>>> print(open('query34.cif').read())   # mmCIF, C-alpha atoms
data_input
loop_
_atom_site.group_PDB
_atom_site.id
_atom_site.type_symbol
_atom_site.label_atom_id
_atom_site.label_comp_id
_atom_site.auth_asym_id
_atom_site.auth_seq_id
_atom_site.Cartn_x
_atom_site.Cartn_y
_atom_site.Cartn_z
ATOM 1 C CA MET A 25 -15.950 -24.494 -13.136
ATOM 2 C CA ALA A 26 -13.490 -27.233 -13.973
ATOM 3 C CA GLY A 27 -9.990 -25.913 -14.491
ATOM 4 C CA VAL A 28 -9.691 -27.905 -17.687
ATOM 5 C CA ASP A 29 -12.374 -25.928 -19.527
ATOM 6 C CA ALA A 30 -10.966 -24.114 -22.514
ATOM 7 C CA PRO A 31 -10.685 -20.347 -21.968
ATOM 8 C CA ARG A 32 -13.672 -18.407 -23.276
ATOM 9 C CA THR A 33 -13.338 -15.939 -26.100
ATOM 10 C CA GLY A 34 -13.465 -12.242 -25.350
ATOM 11 C CA ALA A 35 -16.879 -11.998 -26.981
ATOM 12 C CA GLN A 36 -18.195 -14.805 -24.789
ATOM 13 C CA ARG A 37 -16.783 -13.153 -21.685
ATOM 14 C CA LYS A 38 -18.465 -9.861 -22.592
ATOM 15 C CA ALA A 39 -21.749 -11.707 -23.094
ATOM 16 C CA ASP A 40 -21.320 -13.457 -19.742
ATOM 17 C CA ALA A 41 -20.577 -10.111 -18.049
ATOM 18 C CA LEU A 42 -23.732 -8.578 -19.509
ATOM 19 C CA ALA A 43 -25.721 -11.632 -18.427
ATOM 20 C CA ALA A 44 -24.395 -11.227 -14.869
ATOM 21 C CA LEU A 45 -25.316 -7.527 -14.907
ATOM 22 C CA GLY A 46 -28.826 -8.342 -16.078
ATOM 23 C CA GLU A 47 -29.509 -11.034 -13.518
ATOM 24 C CA ARG A 48 -32.688 -10.486 -11.537
ATOM 25 C CA ASP A 49 -32.617 -10.237 -7.754
ATOM 26 C CA ALA A 50 -28.889 -10.891 -7.513
ATOM 27 C CA GLY A 51 -26.148 -9.495 -5.306
ATOM 28 C CA VAL A 52 -22.761 -7.910 -5.839
ATOM 29 C CA TRP A 53 -19.757 -7.581 -3.519
ATOM 30 C CA VAL A 54 -19.037 -3.858 -3.214
ATOM 31 C CA ALA A 55 -15.547 -2.806 -2.079
ATOM 32 C CA SER A 56 -14.915 0.798 -1.133
ATOM 33 C CA ALA A 57 -12.488 2.715 1.029
ATOM 34 C CA SER A 58 -12.549 5.781 3.233
ATOM 35 C CA PRO A 59 -10.197 8.691 2.527
ATOM 36 C CA GLU A 60 -8.111 7.406 5.463
ATOM 37 C CA GLY A 61 -7.634 4.052 3.734
ATOM 38 C CA ALA A 62 -10.101 1.867 5.646
ATOM 39 C CA ALA A 63 -11.396 -0.821 3.285
ATOM 40 C CA HIS A 64 -15.040 -1.793 3.429
ATOM 41 C CA LEU A 65 -16.951 -4.649 1.782
ATOM 42 C CA VAL A 66 -20.662 -5.388 1.688
ATOM 43 C CA PRO A 67 -23.013 -7.420 -0.483
ATOM 44 C CA LEU A 68 -25.709 -5.280 -2.090
ATOM 45 C CA SER A 69 -28.542 -5.654 -4.549
ATOM 46 C CA PHE A 70 -27.964 -4.042 -7.934
ATOM 47 C CA ALA A 71 -29.628 -3.107 -11.190
ATOM 48 C CA TRP A 72 -28.137 -2.455 -14.629
ATOM 49 C CA ASN A 73 -29.689 0.035 -17.033
ATOM 50 C CA GLY A 74 -27.427 -0.702 -19.990
ATOM 51 C CA THR A 75 -24.814 1.901 -19.098
ATOM 52 C CA HIS A 76 -24.672 2.115 -15.303
ATOM 53 C CA VAL A 77 -24.695 -0.239 -12.351
ATOM 54 C CA ILE A 78 -27.250 1.122 -9.900
ATOM 55 C CA LEU A 79 -26.784 0.550 -6.180
ATOM 56 C CA ALA A 80 -28.939 1.842 -3.361
ATOM 57 C CA GLY A 81 -27.838 2.423 0.192
ATOM 58 C CA GLU A 82 -28.644 4.450 3.245
ATOM 59 C CA ILE A 83 -27.033 7.857 2.918
ATOM 60 C CA SER A 84 -25.319 7.346 6.278
ATOM 61 C CA ALA A 85 -23.943 3.896 5.405
ATOM 62 C CA ARG A 86 -20.176 3.469 5.142
ATOM 63 C CA THR A 87 -20.350 2.191 1.579
ATOM 64 C CA THR A 88 -22.477 5.124 0.414
ATOM 65 C CA ARG A 89 -20.233 7.664 2.111
ATOM 66 C CA ASN A 90 -17.061 6.011 0.810
ATOM 67 C CA ILE A 91 -18.287 5.953 -2.790
ATOM 68 C CA VAL A 92 -19.600 9.518 -2.649
ATOM 69 C CA ASP A 93 -16.211 10.619 -1.299
ATOM 70 C CA ALA A 94 -13.904 8.519 -3.488
ATOM 71 C CA LYS A 95 -16.090 8.543 -6.615
ATOM 72 C CA VAL A 96 -15.070 4.956 -7.338
ATOM 73 C CA ALA A 97 -15.959 1.422 -6.309
ATOM 74 C CA ARG A 98 -14.784 -2.071 -7.168
ATOM 75 C CA LEU A 99 -17.579 -4.543 -7.785
ATOM 76 C CA GLY A 100 -17.320 -8.342 -7.700
ATOM 77 C CA PHE A 101 -20.138 -10.201 -9.458
ATOM 78 C CA GLY A 102 -20.582 -13.963 -9.541
ATOM 79 C CA GLY A 103 -18.590 -16.481 -7.545
ATOM 80 C CA THR A 104 -14.923 -16.540 -6.596
ATOM 81 C CA ARG A 105 -14.313 -19.054 -9.425
ATOM 82 C CA ASP A 106 -16.581 -17.357 -11.973
ATOM 83 C CA VAL A 107 -15.764 -13.694 -11.614
ATOM 84 C CA VAL A 108 -16.956 -10.497 -13.273
ATOM 85 C CA MET A 109 -14.879 -7.715 -11.683
ATOM 86 C CA ILE A 110 -15.806 -4.124 -12.450
ATOM 87 C CA ASP A 111 -13.921 -0.983 -11.548
ATOM 88 C CA ALA A 112 -16.547 1.719 -11.707
ATOM 89 C CA VAL A 113 -16.728 5.485 -11.455
ATOM 90 C CA LEU A 114 -19.529 7.318 -9.669
ATOM 91 C CA ALA A 115 -21.541 9.258 -12.237
ATOM 92 C CA GLU A 116 -24.299 10.449 -9.943
ATOM 93 C CA ALA A 117 -25.609 10.026 -6.397
ATOM 94 C CA ILE A 118 -29.328 10.763 -6.117
ATOM 95 C CA PRO A 119 -31.377 10.858 -2.910
ATOM 96 C CA ALA A 120 -34.335 8.495 -3.197
ATOM 97 C CA VAL A 121 -36.813 11.349 -2.878
ATOM 98 C CA ASP A 122 -35.334 12.957 -6.001
ATOM 99 C CA VAL A 123 -34.750 9.882 -8.126
ATOM 100 C CA PRO A 124 -36.130 9.903 -11.679
ATOM 101 C CA PRO A 125 -38.862 7.266 -12.104
ATOM 102 C CA ALA A 126 -36.823 5.486 -14.784
ATOM 103 C CA VAL A 127 -34.013 4.866 -12.294
ATOM 104 C CA GLY A 128 -36.226 4.016 -9.337
ATOM 105 C CA ASP A 129 -38.514 1.779 -11.347
ATOM 106 C CA GLY A 130 -35.590 0.111 -13.086
ATOM 107 C CA TYR A 131 -33.984 -0.693 -9.757
ATOM 108 C CA ALA A 132 -37.217 -1.986 -8.246
ATOM 109 C CA GLY A 133 -37.879 -4.032 -11.370
ATOM 110 C CA GLN A 134 -34.568 -5.890 -11.275
ATOM 111 C CA CYS A 135 -34.168 -6.104 -7.493
ATOM 112 C CA ASP A 136 -36.404 -7.627 -4.904
ATOM 113 C CA TRP A 137 -37.057 -4.381 -3.062
ATOM 114 C CA ASP A 138 -37.761 -0.698 -3.609
ATOM 115 C CA PRO A 139 -35.791 1.816 -1.509
ATOM 116 C CA ARG A 140 -38.560 4.370 -2.127
ATOM 117 C CA SER A 141 -40.999 2.254 -0.160
ATOM 118 C CA VAL A 142 -39.042 1.687 3.037
ATOM 119 C CA GLU A 143 -38.059 3.734 6.052
ATOM 120 C CA GLY A 144 -34.700 5.484 6.008
ATOM 121 C CA ASP A 145 -32.859 8.015 3.886
ATOM 122 C CA PHE A 146 -31.597 6.151 0.857
ATOM 123 C CA ALA A 147 -29.564 7.268 -2.114
ATOM 124 C CA TYR A 148 -29.089 5.696 -5.522
ATOM 125 C CA LEU A 149 -25.528 5.472 -6.802
ATOM 126 C CA LEU A 150 -25.108 5.342 -10.580
ATOM 127 C CA LEU A 151 -21.755 3.767 -11.360
ATOM 128 C CA ARG A 152 -20.248 3.722 -14.834
ATOM 129 C CA PRO A 153 -17.989 0.720 -15.559
ATOM 130 C CA LYS A 154 -14.482 1.778 -16.461
ATOM 131 C CA ARG A 155 -12.743 -1.589 -16.513
ATOM 132 C CA VAL A 156 -14.401 -5.004 -16.736
ATOM 133 C CA GLN A 157 -12.489 -8.238 -16.156
ATOM 134 C CA VAL A 158 -13.991 -11.695 -16.589
ATOM 135 C CA TRP A 159 -12.322 -14.938 -15.564
ATOM 136 C CA ARG A 160 -12.868 -18.307 -13.980
ATOM 137 C CA GLU A 161 -9.615 -20.194 -13.493
ATOM 138 C CA ALA A 162 -5.929 -19.505 -14.026
ATOM 139 C CA ASN A 163 -6.155 -20.303 -17.726
ATOM 140 C CA GLU A 164 -8.478 -17.302 -18.127
ATOM 141 C CA ILE A 165 -6.234 -14.700 -16.496
ATOM 142 C CA ALA A 166 -4.859 -13.840 -19.911
ATOM 143 C CA GLY A 167 -7.468 -11.949 -21.872
ATOM 144 C CA ARG A 168 -9.606 -11.205 -18.855
ATOM 145 C CA THR A 169 -9.957 -7.466 -19.548
ATOM 146 C CA VAL A 170 -12.956 -6.969 -21.825
ATOM 147 C CA MET A 171 -13.488 -3.249 -21.083
ATOM 148 C CA ARG A 172 -10.721 -0.700 -20.643
ATOM 149 C CA ASP A 173 -11.146 3.049 -20.059
ATOM 150 C CA GLY A 174 -14.885 2.644 -20.401
ATOM 151 C CA ALA A 175 -14.790 1.007 -23.839
ATOM 152 C CA TRP A 176 -15.361 -2.663 -24.639
ATOM 153 C CA THR A 177 -12.232 -4.174 -26.106
ATOM 154 C CA VAL A 178 -14.009 -7.141 -27.656
ATOM 155 C CA MET B 24 -32.134 -18.720 0.981
ATOM 156 C CA ALA B 25 -35.825 -17.926 1.195
ATOM 157 C CA GLY B 26 -36.480 -14.737 3.145
ATOM 158 C CA VAL B 27 -39.100 -16.524 5.200
ATOM 159 C CA ASP B 28 -36.615 -18.878 6.871
ATOM 160 C CA ALA B 29 -36.476 -18.308 10.616
ATOM 161 C CA PRO B 30 -33.297 -16.551 11.726
ATOM 162 C CA ARG B 31 -30.571 -18.905 12.883
ATOM 163 C CA THR B 32 -29.388 -18.939 16.470
ATOM 164 C CA GLY B 33 -26.025 -17.445 17.298
ATOM 165 C CA ALA B 34 -24.615 -20.908 17.949
ATOM 166 C CA GLN B 35 -25.777 -22.088 14.538
ATOM 167 C CA ARG B 36 -24.261 -19.048 12.863
ATOM 168 C CA LYS B 37 -20.929 -19.683 14.585
ATOM 169 C CA ALA B 38 -21.054 -23.297 13.424
ATOM 170 C CA ASP B 39 -21.863 -22.162 9.877
ATOM 171 C CA ALA B 40 -18.970 -19.685 9.962
ATOM 172 C CA LEU B 41 -16.554 -22.388 11.060
ATOM 173 C CA ALA B 42 -17.889 -24.687 8.345
ATOM 174 C CA ALA B 43 -17.258 -21.966 5.751
ATOM 175 C CA LEU B 44 -13.733 -21.458 7.078
ATOM 176 C CA GLY B 45 -13.035 -25.172 6.850
ATOM 177 C CA GLU B 46 -14.334 -25.634 3.324
ATOM 178 C CA ARG B 47 -11.851 -27.298 1.003
ATOM 179 C CA ASP B 48 -10.705 -25.607 -2.183
ATOM 180 C CA ALA B 49 -12.972 -22.591 -1.706
ATOM 181 C CA GLY B 50 -12.537 -18.877 -2.356
ATOM 182 C CA VAL B 51 -12.943 -15.695 -0.350
ATOM 183 C CA TRP B 52 -13.487 -12.100 -1.475
ATOM 184 C CA VAL B 53 -10.628 -10.064 -0.010
ATOM 185 C CA ALA B 54 -11.118 -6.305 0.324
ATOM 186 C CA SER B 55 -8.139 -4.110 1.143
ATOM 187 C CA ALA B 56 -7.119 -0.506 0.667
ATOM 188 C CA SER B 57 -3.961 1.432 0.005
ATOM 189 C CA PRO B 58 -2.817 4.138 2.422
ATOM 190 C CA GLU B 59 -4.129 6.633 -0.151
ATOM 191 C CA GLY B 60 -7.630 5.158 0.103
ATOM 192 C CA ALA B 61 -7.802 3.093 -3.104
ATOM 193 C CA ALA B 62 -10.050 0.101 -2.492
ATOM 194 C CA HIS B 63 -9.090 -3.245 -3.951
ATOM 195 C CA LEU B 64 -10.996 -6.529 -4.170
ATOM 196 C CA VAL B 65 -9.886 -9.950 -5.346
ATOM 197 C CA PRO B 66 -11.031 -13.538 -4.895
ATOM 198 C CA LEU B 67 -8.352 -15.718 -3.305
ATOM 199 C CA SER B 68 -7.948 -19.245 -2.040
ATOM 200 C CA PHE B 69 -7.740 -19.586 1.734
ATOM 201 C CA ALA B 70 -7.001 -21.993 4.537
ATOM 202 C CA TRP B 71 -8.024 -21.961 8.203
ATOM 203 C CA ASN B 72 -5.826 -23.385 10.934
ATOM 204 C CA GLY B 73 -8.279 -22.965 13.796
ATOM 205 C CA THR B 74 -7.123 -19.479 14.758
ATOM 206 C CA HIS B 75 -6.030 -17.697 11.564
ATOM 207 C CA VAL B 76 -7.237 -17.328 8.005
ATOM 208 C CA ILE B 77 -4.229 -17.997 5.776
ATOM 209 C CA LEU B 78 -3.984 -16.268 2.412
ATOM 210 C CA ALA B 79 -1.154 -16.457 -0.085
ATOM 211 C CA GLY B 80 -0.287 -13.848 -2.655
ATOM 212 C CA GLU B 81 2.595 -12.576 -4.701
ATOM 213 C CA ILE B 82 4.621 -10.170 -2.593
ATOM 214 C CA SER B 83 4.230 -7.522 -5.303
ATOM 215 C CA ALA B 84 0.444 -7.914 -5.613
ATOM 216 C CA ARG B 85 -1.771 -5.008 -4.568
ATOM 217 C CA THR B 86 -3.683 -7.088 -2.041
ATOM 218 C CA THR B 87 -0.501 -8.323 -0.365
ATOM 219 C CA ARG B 88 0.995 -4.848 -0.228
ATOM 220 C CA ASN B 89 -2.236 -3.293 1.044
ATOM 221 C CA ILE B 90 -2.627 -5.825 3.848
ATOM 222 C CA VAL B 91 1.034 -5.624 4.865
ATOM 223 C CA ASP B 92 0.701 -1.832 5.015
ATOM 224 C CA ALA B 93 -2.728 -1.541 6.644
ATOM 225 C CA LYS B 94 -2.451 -4.661 8.825
ATOM 226 C CA VAL B 95 -6.164 -5.346 8.246
ATOM 227 C CA ALA B 96 -8.458 -6.908 5.649
ATOM 228 C CA ARG B 97 -12.157 -7.492 5.272
ATOM 229 C CA LEU B 98 -13.080 -10.978 4.072
ATOM 230 C CA GLY B 99 -16.375 -12.036 2.490
ATOM 231 C CA PHE B 100 -17.044 -15.794 2.533
ATOM 232 C CA GLY B 101 -20.025 -17.527 0.939
ATOM 233 C CA GLY B 102 -22.583 -15.912 -1.331
ATOM 234 C CA THR B 103 -24.131 -12.465 -1.232
ATOM 235 C CA ARG B 104 -27.247 -13.968 0.364
ATOM 236 C CA ASP B 105 -25.409 -16.334 2.707
ATOM 237 C CA VAL B 106 -22.615 -14.229 4.107
ATOM 238 C CA VAL B 107 -19.794 -14.789 6.564
ATOM 239 C CA MET B 108 -18.023 -11.425 6.875
ATOM 240 C CA ILE B 109 -14.764 -11.261 8.775
ATOM 241 C CA ASP B 110 -12.784 -8.199 9.772
ATOM 242 C CA ALA B 111 -9.305 -9.543 10.344
ATOM 243 C CA VAL B 112 -5.984 -8.260 11.622
ATOM 244 C CA LEU B 113 -2.653 -9.240 10.110
ATOM 245 C CA ALA B 114 -0.723 -11.311 12.641
ATOM 246 C CA GLU B 115 2.187 -12.267 10.416
ATOM 247 C CA ALA B 116 3.373 -12.048 6.815
ATOM 248 C CA ILE B 117 5.821 -14.809 5.918
ATOM 249 C CA PRO B 118 7.714 -15.174 2.623
ATOM 250 C CA ALA B 119 7.058 -18.609 1.126
ATOM 251 C CA VAL B 120 10.714 -19.566 1.411
ATOM 252 C CA ASP B 121 10.562 -19.029 5.181
ATOM 253 C CA VAL B 122 7.144 -20.481 5.905
ATOM 254 C CA PRO B 123 6.909 -23.117 8.668
ATOM 255 C CA PRO B 124 5.873 -26.519 7.249
ATOM 256 C CA ALA B 125 2.721 -26.530 9.383
ATOM 257 C CA VAL B 126 1.503 -23.364 7.681
ATOM 258 C CA GLY B 127 2.591 -24.287 4.170
ATOM 259 C CA ASP B 128 1.292 -27.829 4.407
ATOM 260 C CA GLY B 129 -1.960 -26.668 5.989
ATOM 261 C CA TYR B 130 -2.522 -24.229 3.166
ATOM 262 C CA ALA B 131 -1.691 -26.780 0.483
ATOM 263 C CA GLY B 132 -3.905 -29.352 2.182
ATOM 264 C CA GLN B 133 -7.010 -27.160 2.198
ATOM 265 C CA CYS B 134 -6.424 -25.332 -1.095
ATOM 266 C CA ASP B 135 -5.965 -26.689 -4.556
ATOM 267 C CA TRP B 136 -2.441 -25.342 -4.983
ATOM 268 C CA ASP B 137 0.849 -24.867 -3.160
ATOM 269 C CA PRO B 138 2.574 -21.477 -3.465
ATOM 270 C CA ARG B 139 5.889 -23.155 -2.570
ATOM 271 C CA SER B 140 5.778 -25.142 -5.799
ATOM 272 C CA VAL B 141 5.189 -22.374 -8.338
ATOM 273 C CA GLU B 142 7.210 -19.584 -9.868
ATOM 274 C CA GLY B 143 7.045 -16.167 -8.241
ATOM 275 C CA ASP B 144 7.763 -14.612 -4.871
ATOM 276 C CA PHE B 145 4.806 -15.437 -2.678
ATOM 277 C CA ALA B 146 4.023 -14.572 0.902
ATOM 278 C CA TYR B 147 1.605 -16.124 3.351
ATOM 279 C CA LEU B 148 -0.613 -13.743 5.300
ATOM 280 C CA LEU B 149 -1.895 -14.986 8.653
ATOM 281 C CA LEU B 150 -5.010 -13.042 9.555
ATOM 282 C CA ARG B 151 -6.663 -13.227 12.950
ATOM 283 C CA PRO B 152 -10.445 -12.680 12.923
ATOM 284 C CA LYS B 153 -11.456 -9.726 15.052
ATOM 285 C CA ARG B 154 -15.144 -9.470 14.151
ATOM 286 C CA VAL B 155 -17.279 -12.147 12.513
ATOM 287 C CA GLN B 156 -20.750 -11.430 11.170
ATOM 288 C CA VAL B 157 -23.064 -14.080 9.729
ATOM 289 C CA TRP B 158 -26.307 -13.399 7.931
ATOM 290 C CA ARG B 159 -28.482 -14.363 5.008
ATOM 291 C CA GLU B 160 -31.484 -12.090 4.643
ATOM 292 C CA ALA B 161 -32.810 -8.958 6.346
ATOM 293 C CA ASN B 162 -34.308 -10.964 9.203
ATOM 294 C CA GLU B 163 -30.798 -12.026 10.187
ATOM 295 C CA ILE B 164 -29.248 -8.564 10.419
ATOM 296 C CA ALA B 165 -30.069 -8.514 14.123
ATOM 297 C CA GLY B 166 -27.723 -10.860 15.935
ATOM 298 C CA ARG B 167 -25.308 -11.159 13.057
ATOM 299 C CA THR B 168 -22.188 -10.437 15.107
ATOM 300 C CA VAL B 169 -20.912 -13.729 16.529
ATOM 301 C CA MET B 170 -17.360 -12.569 17.276
ATOM 302 C CA ARG B 171 -16.409 -9.171 18.667
ATOM 303 C CA ASP B 172 -12.897 -7.970 19.592
ATOM 304 C CA GLY B 173 -11.552 -11.405 18.752
ATOM 305 C CA ALA B 174 -13.859 -13.303 21.104
ATOM 306 C CA TRP B 175 -16.867 -15.406 20.133
ATOM 307 C CA THR B 176 -20.036 -13.910 21.604
ATOM 308 C CA VAL B 177 -22.071 -17.083 21.271
#
>>> encode(input="query34.cif", output="structure tokens")
Amino acid sequence: MAGVDAPRTGAQRKADALAALGERDAGVWVASASPEGAAHLVPLSFAWNGTHVILAGEISARTTRNIVDAKVARLGFGGTRDVVMIDAVLAEAIPAVDVPPAVGDGYAGQCDWDPRSVEGDFAYLLLRPKRVQVWREANEIAGRTVMRDGAWTV
Amino acid sequence: MAGVDAPRTGAQRKADALAALGERDAGVWVASASPEGAAHLVPLSFAWNGTHVILAGEISARTTRNIVDAKVARLGFGGTRDVVMIDAVLAEAIPAVDVPPAVGDGYAGQCDWDPRSVEGDFAYLLLRPKRVQVWREANEIAGRTVMRDGAWTV
């Protein structure tokens, strides 16, 4: 985005965040850390059910283990100059074999794959956004927080 | 990228990684963690001097503090479906007032800003790639590691 664009309103940023969350077959950068303080970062598919970001990963994967341990993740949607950054709290981790159809079907419907149909022991991670920040360039740093403590501020 | 594309050779992936590192005015997703295991993620500008990724950040910023403490960072270049992932080791952290001209000018030449010219106490972080992984879709997971222990494997 050109740096000269006028900063978006809070309402527009919220709408853009929800549009990013609803995008079909898209990816998100997922940052997590081990209890010992080793940072990890991977791109993953995601779904959004209106209240939770849903990720799926192998139960043995570093990202899955880190999030199950720490109960939090930091999620970067969009590009580095058109950012939706979400600090999220783990609400539930569900092995694929136990996942409710609404969650499994919702994930498969928004993503390009279905963890229930492939080899491996997968788990779904339901992450509740706690803070949402939306910005493009420096002139949007102010006002970038559109959700705080789990509540939209705009 | 379409999932049906043939996987790239290792040499091509290395070339694509170097092209990503040399991109002008681009951003990188920087994952770091505190000693207590709190993951952080921010998009930052970067430069590449042929051996080190150069980041700049306020000395008081979480990412700067995390990397100075942990001496490592994980860097995601490109998009979530066209990834260059670099695990890097901190070689040097240099306050902006002390930075050698070659580093400061190199950063300013590749990025769209110069930390020496703005308010605030900035530091340059020189990060040496230790592992580089390059992949797009599932068919490129095999062979994605093109640098291991600081040495190109291809």
>>> closest_atom_pairs(input="query34.cif", of="chain B", to="chain A", cutoff="7 Å", atoms="only C-alpha atoms", output="tab-separated table")
residue	atom	partner	partner_atom	distance
B:Gly50	CA	A:Thr104	CA	5.4
B:Val51	CA	A:Thr104	CA	6.6
B:Trp52	CA	A:Thr104	CA	6.9
B:Ala54	CA	A:Ala55	CA	6.1
B:Ser55	CA	A:Ala63	CA	5.1
B:Ala56	CA	A:Ala63	CA	5.0
B:Ser57	CA	A:Gly61	CA	5.9
B:Pro58	CA	A:Gly61	CA	5.0
B:Glu59	CA	A:Gly61	CA	5.8
B:Gly60	CA	A:Gly61	CA	3.8
B:Ala61	CA	A:Ala57	CA	6.3
B:Ala62	CA	A:Ala57	CA	5.0
B:His63	CA	A:Arg98	CA	6.6
B:Leu64	CA	A:Ala55	CA	6.2
B:Pro66	CA	A:Thr104	CA	5.2
B:Arg97	CA	A:Leu65	CA	6.6
B:Thr103	CA	A:Pro67	CA	5.2
>>> residues_around(input="query34.cif", residues="Leu149 (chain A)", least_positions_apart="4", cutoff="7 Å", atoms="only C-alpha atoms", output="compact mmCIF listing (two decimals) with C-alpha atoms, in the frame of the given file")
# COMPACT_ATOMS: atom_id res chain seq x y z
CA ILE A 78 -27.25 1.12 -9.90
CA LEU A 79 -26.78 0.55 -6.18
CA ALA A 80 -28.94 1.84 -3.36
CA LEU A 114 -19.53 7.32 -9.67
CA GLU A 116 -24.30 10.45 -9.94
CA ALA A 117 -25.61 10.03 -6.40
CA ILE A 118 -29.33 10.76 -6.12
>>> resolve_selection(input="query34.cif", expression="the PyMOL selection byres ((chain B and resi 143) around 12)", output="list of chain:residue names")
B:Ala79, B:Gly80, B:Glu81, B:Ile82, B:Ser83, B:Ala84, B:Pro118, B:Ala119, B:Val120, B:Asp137, B:Pro138, B:Arg139, B:Ser140, B:Val141, B:Glu142, B:Asp144, B:Phe145, B:Ala146
>>> atom_distance(input="query34.cif", atom1="CA of Trp71 (chain B)", atom2="CA of Gly129 (chain B)")
8.0 Å
>>> residues_around(input="query34.cif", residues="Ala41 (chain A)", least_positions_apart="2", cutoff="9 Å", atoms="only C-alpha atoms", output="PyMOL selection string")
chain A and resi 36-39+43-46+101+107-109+156-158
>>> atom_distance(input="query34.cif", atom1="CA of Arg160 (chain A)", atom2="CA of Ala30 (chain A)")
10.5 Å
>>> atom_distance(input="query34.cif", atom1="CA of Thr177 (chain A)", atom2="CA of Arg88 (chain B)")
29.1 Å
>>> resolve_selection(input="query34.cif", expression="the PyMOL selection byres ((chain A and resi 175) around 10)", output="ChimeraX atom specification")
/A:153-156,170-174,176-178
>>> residues_around(input="query34.cif", residues="Val77 (chain A)", least_positions_apart="5", cutoff="6 Å", atoms="all atoms listed in the file", output="mmCIF file with C-alpha atoms, keeping the file's coordinate frame")
data_model
loop_
_atom_site.group_PDB
_atom_site.id
_atom_site.type_symbol
_atom_site.label_atom_id
_atom_site.label_comp_id
_atom_site.auth_asym_id
_atom_site.auth_seq_id
_atom_site.Cartn_x
_atom_site.Cartn_y
_atom_site.Cartn_z
ATOM 1 C CA ALA A 71 -29.628 -3.107 -11.190
ATOM 2 C CA TRP A 72 -28.137 -2.455 -14.629
ATOM 3 C CA LEU A 150 -25.108 5.342 -10.580
ATOM 4 C CA LEU A 151 -21.755 3.767 -11.360
#
